[in-house]
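*Asks:* Provided herewith: entry-v5.pdb, PDB, C-alpha atoms, pLDDT in the B column.
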```
ATOM      1  CA  MET A   1    -156.951 -38.662-130.253  1.00 52.00           C
ATOM      2  CA  ARG A   2    -157.616 -36.419-127.341  1.00 51.00           C
ATOM      3  CA  GLN A   3    -160.475 -33.919-127.400  1.00 57.00           C
ATOM      4  CA  ARG A   4    -161.242 -31.905-124.247  1.00 58.00           C
ATOM      5  CA  GLY A   5    -159.861 -34.606-122.032  1.00 66.00           C
ATOM      6  CA  THR A   6    -161.663 -37.427-123.878  1.00 73.00           C
ATOM      7  CA  CYS A   7    -159.962 -40.075-126.001  1.00 78.00           C
ATOM      8  CA  LEU A   8    -161.549 -40.621-129.441  1.00 79.00           C
ATOM      9  CA  PRO A   9    -160.671 -42.950-132.348  1.00 81.00           C
ATOM     10  CA  SER A  10    -160.694 -39.899-134.681  1.00 82.00           C
ATOM     11  CA  CYS A  11    -161.351 -36.176-134.494  1.00 84.00           C
ATOM     12  CA  PRO A  12    -164.969 -34.966-134.920  1.00 86.00           C
ATOM     13  CA  ARG A  13    -166.102 -32.920-137.889  1.00 85.00           C
ATOM     14  CA  GLY A  14    -164.612 -29.417-137.810  1.00 86.00           C
ATOM     15  CA  TYR A  15    -161.357 -30.629-136.232  1.00 88.00           C
ATOM     16  CA  TYR A  16    -158.131 -32.161-137.505  1.00 88.00           C
ATOM     17  CA  GLY A  17    -155.673 -34.399-135.725  1.00 86.00           C
ATOM     18  CA  THR A  18    -152.163 -33.425-134.649  1.00 84.00           C
ATOM     19  CA  ARG A  19    -149.908 -36.278-133.681  1.00 81.00           C
ATOM     20  CA  SER A  20    -146.741 -36.298-131.680  1.00 79.00           C
ATOM     21  CA  PRO A  21    -144.829 -39.097-129.924  1.00 81.00           C
ATOM     22  CA  HIS A  22    -146.247 -38.063-126.557  1.00 80.00           C
ATOM     23  CA  ILE A  23    -149.804 -36.853-127.245  1.00 80.00           C
ATOM     24  CA  SER A  24    -152.225 -36.650-130.169  1.00 82.00           C
ATOM     25  CA  THR A  25    -154.860 -33.942-130.022  1.00 86.00           C
ATOM     26  CA  CYS A  26    -157.703 -32.511-132.104  1.00 87.00           C
ATOM     27  CA  ALA A  27    -157.428 -28.883-133.230  1.00 87.00           C
ATOM     28  CA  ARG A  28    -160.253 -26.768-134.658  1.00 88.00           C
ATOM     29  CA  CYS A  29    -160.385 -26.212-138.445  1.00 88.00           C
ATOM     30  CA  ASN A  30    -160.304 -22.723-139.928  1.00 86.00           C
ATOM     31  CA  THR A  31    -163.743 -21.046-139.568  1.00 85.00           C
ATOM     32  CA  ASP A  32    -164.382 -21.328-143.358  1.00 83.00           C
ATOM     33  CA  CYS A  33    -164.043 -25.128-143.238  1.00 88.00           C
ATOM     34  CA  VAL A  34    -166.655 -27.701-142.280  1.00 89.00           C
ATOM     35  CA  SER A  35    -163.871 -30.285-142.139  1.00 90.00           C
ATOM     36  CA  CYS A  36    -160.154 -30.140-142.776  1.00 90.00           C
ATOM     37  CA  PHE A  37    -156.986 -32.177-143.159  1.00 87.00           C
ATOM     38  CA  SER A  38    -154.806 -29.639-141.412  1.00 87.00           C
ATOM     39  CA  GLU A  39    -154.930 -26.045-140.205  1.00 83.00           C
ATOM     40  CA  ASN A  40    -154.384 -24.723-143.739  1.00 84.00           C
ATOM     41  CA  PHE A  41    -156.114 -27.404-145.835  1.00 91.00           C
ATOM     42  CA  CYS A  42    -159.907 -27.639-145.934  1.00 91.00           C
ATOM     43  CA  THR A  43    -161.654 -30.771-147.249  1.00 90.00           C
ATOM     44  CA  HIS A  44    -165.293 -29.519-147.093  1.00 90.00           C
ATOM     45  CA  CYS A  45    -166.751 -26.002-147.043  1.00 88.00           C
ATOM     46  CA  HIS A  46    -169.822 -24.331-145.555  1.00 87.00           C
ATOM     47  CA  PRO A  47    -172.747 -23.520-147.914  1.00 86.00           C
ATOM     48  CA  GLY A  48    -171.946 -20.504-150.096  1.00 85.00           C
ATOM     49  CA  HIS A  49    -168.216 -21.315-150.139  1.00 88.00           C
ATOM     50  CA  PHE A  50    -166.399 -23.524-152.615  1.00 89.00           C
ATOM     51  CA  LEU A  51    -163.297 -25.650-152.113  1.00 90.00           C
ATOM     52  CA  PHE A  52    -160.335 -24.691-154.303  1.00 90.00           C
ATOM     53  CA  GLN A  53    -156.829 -25.988-153.615  1.00 89.00           C
ATOM     54  CA  GLY A  54    -157.595 -26.653-149.945  1.00 90.00           C
ATOM     55  CA  LYS A  55    -159.189 -23.228-149.313  1.00 91.00           C
ATOM     56  CA  CYS A  56    -162.861 -22.264-149.083  1.00 90.00           C
ATOM     57  CA  GLU A  57    -163.551 -19.401-151.516  1.00 89.00           C
ATOM     58  CA  ASN A  58    -166.637 -17.238-152.154  1.00 88.00           C
ATOM     59  CA  THR A  59    -166.219 -17.591-155.944  1.00 86.00           C
ATOM     60  CA  CYS A  60    -164.275 -19.858-158.266  1.00 83.00           C
ATOM     61  CA  PRO A  61    -161.525 -18.618-160.588  1.00 81.00           C
ATOM     62  CA  ASN A  62    -162.171 -18.351-164.371  1.00 74.00           C
ATOM     63  CA  GLY A  63    -162.342 -21.707-166.093  1.00 68.00           C
ATOM     64  CA  LEU A  64    -163.786 -23.373-162.995  1.00 77.00           C
ATOM     65  CA  THR A  65    -167.367 -23.590-161.887  1.00 73.00           C
ATOM     66  CA  ALA A  66    -168.902 -23.437-158.439  1.00 76.00           C
ATOM     67  CA  ASN A  67    -170.433 -26.870-157.946  1.00 74.00           C
ATOM     68  CA  THR A  68    -173.097 -26.245-155.298  1.00 74.00           C
ATOM     69  CA  ALA A  69    -173.753 -29.962-154.692  1.00 73.00           C
ATOM     70  CA  LEU A  70    -170.101 -30.731-153.910  1.00 77.00           C
ATOM     71  CA  ARG A  71    -169.322 -27.205-152.612  1.00 83.00           C
ATOM     72  CA  GLU A  72    -166.134 -27.133-154.627  1.00 84.00           C
ATOM     73  CA  CYS A  73    -164.695 -25.555-157.757  1.00 84.00           C
ATOM     74  CA  THR A  74    -164.733 -28.031-160.637  1.00 78.00           C
ATOM     75  CA  GLU A  75    -163.125 -27.770-164.041  1.00 76.00           C
ATOM     76  CA  CYS A  76    -165.307 -26.788-166.987  1.00 74.00           C
ATOM     77  CA  SER A  77    -165.057 -28.400-170.423  1.00 75.00           C
ATOM     78  CA  ILE A  78    -162.835 -26.750-173.067  1.00 75.00           C
ATOM     79  CA  GLY A  79    -164.116 -23.317-174.121  1.00 80.00           C
ATOM     80  CA  CYS A  80    -166.582 -23.064-171.263  1.00 80.00           C
ATOM     81  CA  GLU A  81    -166.504 -20.071-168.906  1.00 76.00           C
ATOM     82  CA  VAL A  82    -169.347 -21.062-166.556  1.00 75.00           C
ATOM     83  CA  CYS A  83    -170.492 -24.643-166.134  1.00 73.00           C
ATOM     84  CA  LEU A  84    -172.899 -26.574-163.970  1.00 70.00           C
ATOM     85  CA  ARG A  85    -170.578 -29.573-163.972  1.00 66.00           C
ATOM     86  CA  ARG A  86    -167.648 -30.747-166.086  1.00 64.00           C
ATOM     87  CA  ASN A  87    -169.682 -31.631-169.191  1.00 71.00           C
ATOM     88  CA  MET A  88    -172.550 -29.148-168.776  1.00 80.00           C
ATOM     89  CA  CYS A  89    -171.568 -25.645-169.846  1.00 83.00           C
ATOM     90  CA  LEU A  90    -173.841 -22.681-169.075  1.00 83.00           C
ATOM     91  CA  ARG A  91    -171.785 -19.948-170.850  1.00 85.00           C
ATOM     92  CA  CYS A  92    -169.060 -20.306-173.476  1.00 86.00           C
ATOM     93  CA  ARG A  93    -166.077 -18.122-174.351  1.00 84.00           C
ATOM     94  CA  ALA A  94    -167.046 -15.088-176.454  1.00 87.00           C
ATOM     95  CA  ASP A  95    -166.094 -16.764-179.787  1.00 90.00           C
ATOM     96  CA  LEU A  96    -168.005 -20.032-179.227  1.00 92.00           C
ATOM     97  CA  TYR A  97    -171.674 -21.047-179.488  1.00 93.00           C
ATOM     98  CA  LEU A  98    -173.526 -23.014-176.804  1.00 93.00           C
ATOM     99  CA  LEU A  99    -175.563 -26.107-177.733  1.00 92.00           C
ATOM    100  CA  HIS A 100    -176.793 -28.782-175.296  1.00 90.00           C
ATOM    101  CA  GLY A 101    -174.241 -27.784-172.638  1.00 87.00           C
ATOM    102  CA  GLN A 102    -171.253 -27.902-175.035  1.00 88.00           C
ATOM    103  CA  CYS A 103    -169.274 -25.106-176.742  1.00 88.00           C
ATOM    104  CA  HIS A 104    -168.839 -25.147-180.540  1.00 91.00           C
ATOM    105  CA  PRO A 105    -166.814 -22.905-182.902  1.00 92.00           C
ATOM    106  CA  THR A 106    -169.585 -23.361-185.518  1.00 93.00           C
ATOM    107  CA  CYS A 107    -173.069 -24.757-185.155  1.00 93.00           C
ATOM    108  CA  PRO A 108    -173.581 -28.361-186.302  1.00 93.00           C
ATOM    109  CA  LYS A 109    -175.841 -29.356-189.198  1.00 93.00           C
ATOM    110  CA  GLY A 110    -179.488 -28.548-188.540  1.00 93.00           C
ATOM    111  CA  PHE A 111    -178.617 -25.600-186.277  1.00 95.00           C
ATOM    112  CA  GLU A 112    -177.676 -21.978-186.898  1.00 94.00           C
ATOM    113  CA  PRO A 113    -175.895 -19.386-184.761  1.00 94.00           C
ATOM    114  CA  ASP A 114    -177.821 -16.825-182.745  1.00 92.00           C
ATOM    115  CA  VAL A 115    -175.147 -14.113-182.467  1.00 90.00           C
ATOM    116  CA  GLN A 116    -177.125 -12.184-179.847  1.00 91.00           C
ATOM    117  CA  LEU A 117    -177.310 -15.123-177.416  1.00 90.00           C
ATOM    118  CA  MET A 118    -174.179 -16.928-178.729  1.00 92.00           C
ATOM    119  CA  GLN A 119    -176.168 -20.162-178.917  1.00 94.00           C
ATOM    120  CA  CYS A 120    -176.917 -22.671-181.656  1.00 94.00           C
ATOM    121  CA  ILE A 121    -180.631 -22.703-182.364  1.00 95.00           C
ATOM    122  CA  PRO A 122    -182.551 -25.160-184.570  1.00 95.00           C
ATOM    123  CA  GLN A 123    -182.919 -24.124-188.201  1.00 95.00           C
ATOM    124  CA  VAL A 124    -186.499 -23.473-189.231  1.00 95.00           C
ATOM    125  CA  HIS A 125    -187.392 -24.235-192.838  1.00 95.00           C
ATOM    126  CA  CYS A 126    -190.209 -22.593-194.758  1.00 96.00           C
ATOM    127  CA  GLU A 127    -193.514 -24.434-194.851  1.00 96.00           C
ATOM    128  CA  VAL A 128    -196.286 -23.567-197.295  1.00 96.00           C
ATOM    129  CA  GLY A 129    -199.901 -24.697-197.551  1.00 96.00           C
ATOM    130  CA  GLU A 130    -201.772 -26.257-200.451  1.00 96.00           C
ATOM    131  CA  TRP A 131    -202.452 -24.360-203.677  1.00 96.00           C
ATOM    132  CA  THR A 132    -205.845 -22.675-204.021  1.00 96.00           C
ATOM    133  CA  ASP A 133    -207.993 -23.483-207.080  1.00 96.00           C
ATOM    134  CA  TRP A 134    -207.220 -21.504-210.224  1.00 95.00           C
ATOM    135  CA  SER A 135    -209.089 -18.196-210.391  1.00 93.00           C
ATOM    136  CA  PRO A 136    -211.543 -17.490-213.212  1.00 91.00           C
ATOM    137  CA  CYS A 137    -209.905 -16.602-216.517  1.00 89.00           C
ATOM    138  CA  VAL A 138    -209.736 -12.804-216.757  1.00 86.00           C
ATOM    139  CA  LEU A 139    -209.147 -10.765-219.918  1.00 81.00           C
ATOM    140  CA  LYS A 140    -206.324  -8.265-219.483  1.00 71.00           C
ATOM    141  CA  ARG A 141    -206.461  -4.923-221.314  1.00 65.00           C
ATOM    142  CA  SER A 142    -203.161  -5.570-223.014  1.00 56.00           C
ATOM    143  CA  MET A 143    -204.678  -8.748-224.422  1.00 49.00           C
ATOM    144  CA  GLU A 144    -207.960  -7.317-225.806  1.00 54.00           C
ATOM    145  CA  ALA A 145    -207.211  -8.358-229.360  1.00 55.00           C
ATOM    146  CA  TYR A 146    -206.754 -11.945-228.243  1.00 62.00           C
ATOM    147  CA  LYS A 147    -209.011 -14.617-226.895  1.00 78.00           C
ATOM    148  CA  TRP A 148    -206.582 -15.245-224.104  1.00 82.00           C
ATOM    149  CA  GLY A 149    -206.607 -14.138-220.495  1.00 86.00           C
ATOM    150  CA  GLU A 150    -204.863 -14.991-217.247  1.00 90.00           C
ATOM    151  CA  GLU A 151    -205.777 -17.079-214.253  1.00 93.00           C
ATOM    152  CA  SER A 152    -203.904 -17.303-210.973  1.00 95.00           C
ATOM    153  CA  ARG A 153    -203.584 -19.378-207.840  1.00 96.00           C
ATOM    154  CA  SER A 154    -201.716 -18.956-204.529  1.00 96.00           C
ATOM    155  CA  ARG A 155    -200.736 -20.678-201.306  1.00 96.00           C
ATOM    156  CA  GLN A 156    -200.026 -19.352-197.818  1.00 96.00           C
ATOM    157  CA  VAL A 157    -196.747 -19.399-195.917  1.00 96.00           C
ATOM    158  CA  LEU A 158    -197.435 -21.504-192.819  1.00 96.00           C
ATOM    159  CA  GLN A 159    -193.934 -21.177-191.305  1.00 96.00           C
ATOM    160  CA  SER A 160    -191.411 -18.472-192.210  1.00 95.00           C
ATOM    161  CA  PRO A 161    -187.809 -19.710-192.393  1.00 95.00           C
ATOM    162  CA  SER A 162    -185.042 -18.755-189.981  1.00 93.00           C
ATOM    163  CA  VAL A 163    -181.952 -16.948-191.307  1.00 91.00           C
ATOM    164  CA  CYS A 164    -180.229 -20.169-192.454  1.00 91.00           C
ATOM    165  CA  GLY A 165    -183.387 -22.220-193.065  1.00 92.00           C
ATOM    166  CA  ASP A 166    -184.617 -23.286-196.494  1.00 93.00           C
ATOM    167  CA  PRO A 167    -186.355 -20.319-198.195  1.00 95.00           C
ATOM    168  CA  CYS A 168    -189.984 -20.364-199.268  1.00 95.00           C
ATOM    169  CA  PRO A 169    -190.886 -21.537-202.789  1.00 95.00           C
ATOM    170  CA  HIS A 170    -193.115 -19.398-205.010  1.00 94.00           C
ATOM    171  CA  VAL A 171    -196.450 -18.705-203.354  1.00 95.00           C
ATOM    172  CA  SER A 172    -198.325 -17.462-206.436  1.00 96.00           C
ATOM    173  CA  GLU A 173    -198.585 -18.542-210.069  1.00 95.00           C
ATOM    174  CA  ILE A 174    -200.128 -16.952-213.151  1.00 94.00           C
ATOM    175  CA  ARG A 175    -200.819 -18.725-216.434  1.00 93.00           C
ATOM    176  CA  LYS A 176    -202.514 -17.930-219.697  1.00 90.00           C
ATOM    177  CA  CYS A 177    -205.977 -19.275-220.279  1.00 88.00           C
ATOM    178  CA  ALA A 178    -208.516 -19.256-223.112  1.00 85.00           C
ATOM    179  CA  ILE A 179    -211.390 -16.822-222.708  1.00 79.00           C
ATOM    180  CA  LYS A 180    -214.668 -18.662-223.021  1.00 70.00           C
ATOM    181  CA  LYS A 181    -216.951 -17.005-225.490  1.00 64.00           C
ATOM    182  CA  THR A 182    -220.161 -15.830-223.937  1.00 59.00           C
ATOM    183  CA  PRO A 183    -223.204 -16.131-226.158  1.00 56.00           C
ATOM    184  CA  LYS A 184    -224.369 -12.774-227.449  1.00 57.00           C
ATOM    185  CA  SER A 185    -227.744 -11.735-226.203  1.00 55.00           C
ATOM    186  CA  PRO A 186    -230.467 -10.959-228.818  1.00 57.00           C
ATOM    187  CA  ASN A 187    -230.667  -7.333-227.572  1.00 59.00           C
ATOM    188  CA  SER A 188    -227.027  -6.653-228.399  1.00 51.00           C
ATOM    189  CA  LEU A 189    -227.597  -7.059-232.191  1.00 50.00           C
TER     190      LEU A 189
END
```
Please express what this file holds, its structure, as structure tokens.

*Replies:*
Amino acid sequence: MRQRGTCLPSCPRGYYGTRSPHISTCARCNTDCVSCFSENFCTHCHPGHFLFQGKCENTCPNGLTANTALRECTECSIGCEVCLRRNMCLRCRADLYLLHGQCHPTCPKGFEPDVQLMQCIPQVHCEVGEWTDWSPCVLKRSMEAYKWGEESRSRQVLQSPSVCGDPCPHVSEIRKCAIKKTPKSPNSL
């Protein structure tokens, strides 16, 4: 190959070879190309441009992602609108949910849809603490004629559930109890 009067085994980066029976020369690639196969077919692009069908573009068409490492437009996985690489989606179509770089029509078991973010998020189940001791037995006014009262106990919610998580069990209980007779004082006779 001939380049500025010098014979080379191949054209340098930024040039492509043209061959003819009489002379082979190196011609400069299009200004968008770092290297090229021919005048109209780039093989590598400058930073900020992405190779698509032999051309260096500023952005990639829908369904393809701008791979900054390769400086080319690569195909996204099915349902993905913007991806980092083929199997790593960053944004799904409007009707799909994103989970671990993949698009899903429904969220898998253990996850629930976040319709604001269009992502699958982990389900959170309710967690409650231990029961308190039973309260002292208290006589209720409606039970004055009886020797029975009520005692209660409760437990705290430690973790509230997410929308699709398991709901909380009862956090308070009331049961009947026998009122212990208090000895009458001698002054009350």

*Asks:* Selection in question (the file shown): the PyMOL selection byres ((chain A and resi 118) around 9). Which residues does it include, as a VMD selection string?

*Replies:* chain A and resid 91 to 92 94 to 98 113 to 117 119 to 120

*Asks:* Selected residues, C-alpha atoms, written as a PDB file, in the coordinates of the input, please.

*Replies:*
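Writing the result to again_20.pdb gives the following:
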```pdb
ATOM      1  CA  ARG A  91    -171.785 -19.948-170.850  1.00 85.00           C
ATOM      2  CA  CYS A  92    -169.060 -20.306-173.476  1.00 86.00           C
ATOM      3  CA  ALA A  94    -167.046 -15.088-176.454  1.00 87.00           C
ATOM      4  CA  ASP A  95    -166.094 -16.764-179.787  1.00 90.00           C
ATOM      5  CA  LEU A  96    -168.005 -20.032-179.227  1.00 92.00           C
ATOM      6  CA  TYR A  97    -171.674 -21.047-179.488  1.00 93.00           C
ATOM      7  CA  LEU A  98    -173.526 -23.014-176.804  1.00 93.00           C
ATOM      8  CA  PRO A 113    -175.895 -19.386-184.761  1.00 94.00           C
ATOM      9  CA  ASP A 114    -177.821 -16.825-182.745  1.00 92.00           C
ATOM     10  CA  VAL A 115    -175.147 -14.113-182.467  1.00 90.00           C
ATOM     11  CA  GLN A 116    -177.125 -12.184-179.847  1.00 91.00           C
ATOM     12  CA  LEU A 117    -177.310 -15.123-177.416  1.00 90.00           C
ATOM     13  CA  GLN A 119    -176.168 -20.162-178.917  1.00 94.00           C
ATOM     14  CA  CYS A 120    -176.917 -22.671-181.656  1.00 94.00           C
TER      15      CYS A 120
END
```

*Asks:* With distances taken over all atoms listed in the file, which residue among A:Glu57, A:Glu112, A:Glu75, A:Glu81 lies nearest Ser162 (chain A)?

*Replies:*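 Checking each of A:Glu57, A:Glu112, A:Glu75, A:Glu81 against Ser162 (chain A), counting all atoms listed in the file, the winner is A:Glu112.
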
*Asks:* Quick one: pull the distance between CA of His44 (chain A) and CA of Thr25 (chain A), Å, one decimal.

*Replies:*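 Value for the CA of His44 (chain A)-CA of Thr25 (chain A) distance: 20.5 Å.
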
*Asks:* So what do you get for CA of Asn87 (chain A) versus CA of Asn58 (chain A), distance-wise?

*Replies:*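 If I compute the distance from CA of Asn87 (chain A) to CA of Asn58 (chain A), I get 22.5 Å.
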
*Asks:* Give me, please, the distance in Å between CA of Tyr16 (chain A) and CA of Val34 (chain A), quoted to one decimal.

*Replies:*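 Here the two named atoms are 10.7 Å from each other.
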
*Asks:* Find the spatial neighbours of Asn40 (chain A), counting all atoms listed in the file, within a cut-off of 8 Å - ignore same-chain residues fewer than 5 positions away - and output them as a ChimeraX atom specification.

*Replies:* /A:30,54-55

*Asks:* Residues near region 9-15 of chain A, anyone? I mean within 7 Å using all atoms listed in the file, not counting same-chain ones fewer than 3 positions away, as a list in words.

*Replies:*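 Listing them by chain and then by number gives Met1, Cys26, Ala27, Arg28, Cys29, Cys33, Val34, Ser35 and Cys36 of chain A.
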
*Asks:* Check which residues satisfy the PyMOL selection byres ((chain A and resi 110) around 10) in the file shown, then give them as a ChimeraX atom specification.

*Replies:* /A:107-109,111-112,120-125,164-165

*Asks:* Name every residue that the PyMOL selection byres ((chain A and resi 70-74) around 9) selects in this structure, writing the answer as a list in words with chains first and numbers rising.

*Replies:*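 Applying the expression gives His44, Cys45, His46, Pro47, Gly48, His49, Phe50, Leu51, Phe52, Gln53, Cys56, Glu57, Thr59, Cys60, Pro61, Gly63, Leu64, Thr65, Ala66, Asn67, Thr68, Ala69, Glu75, Cys76, Cys83, Leu84, Arg85 and Arg86 of chain A.
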
*Asks:* For the point (-193.2, -22.7, -201.8) in file coordinates, what residues are within 12 Å, counting all atoms listed in the file? Give the answer as a list of chain:residue names?

*Replies:*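 Applying the cut-off with all atoms listed in the file, one gets A:His125, A:Cys126, A:Glu127, A:Val128, A:Gly129, A:Glu130, A:Trp131, A:Ser154, A:Arg155, A:Gln156, A:Val157, A:Leu158, A:Gln159, A:Ser160, A:Pro161, A:Asp166, A:Pro167, A:Cys168, A:Pro169, A:His170, A:Val171, A:Ser172, A:Glu173.
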
*Asks:* From the list A:Ser24, A:Asn62, A:Ser38, A:Glu151, which residue is nearest Thr6 (chain A) when using all atoms listed in the file?

*Replies:* A:Ser24

*Asks:* Rank A:Lys176, A:Val82, A:Phe41, A:Pro105 by their smallest atom-to-atom distance to Leu139 (chain A), using all atoms listed in the file, and report the top residue only.

*Replies:*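 Using all atoms listed in the file, Leu139 (chain A) sits closest to A:Lys176.
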
*Asks:* From the set A:Glu150, A:Ile23, A:Arg93, A:His100, which residue has the shortest atom-to-atom contact distance to Pro136 (chain A), counting only C-alpha atoms?

*Replies:*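 The answer is A:Glu150, which sits nearest to Pro136 (chain A).
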
*Asks:* Given the point (-205.0, -17.3, -224.2) in the coordinates of this file, which residues lie within 7 Å, counting only C-alpha atoms, and how would they look as a list in words?

*Replies:* Tyr146, Lys147, Trp148, Gly149, Lys176, Cys177, Ala178 and Ile179 of chain A

*Asks:* Assuming 4 Å of padding per side, give the centre and edge lengths of the axis-aligned box around every listed atom of region 128-140 of chain A, in Å to one decimal and as lines of an AutoDock Vina configuration file.

*Replies:*
```
center_x = -203.9
center_y = -17.3
center_z = -208.6
size_x = 23.3
size_y = 26.0
size_z = 30.6
```
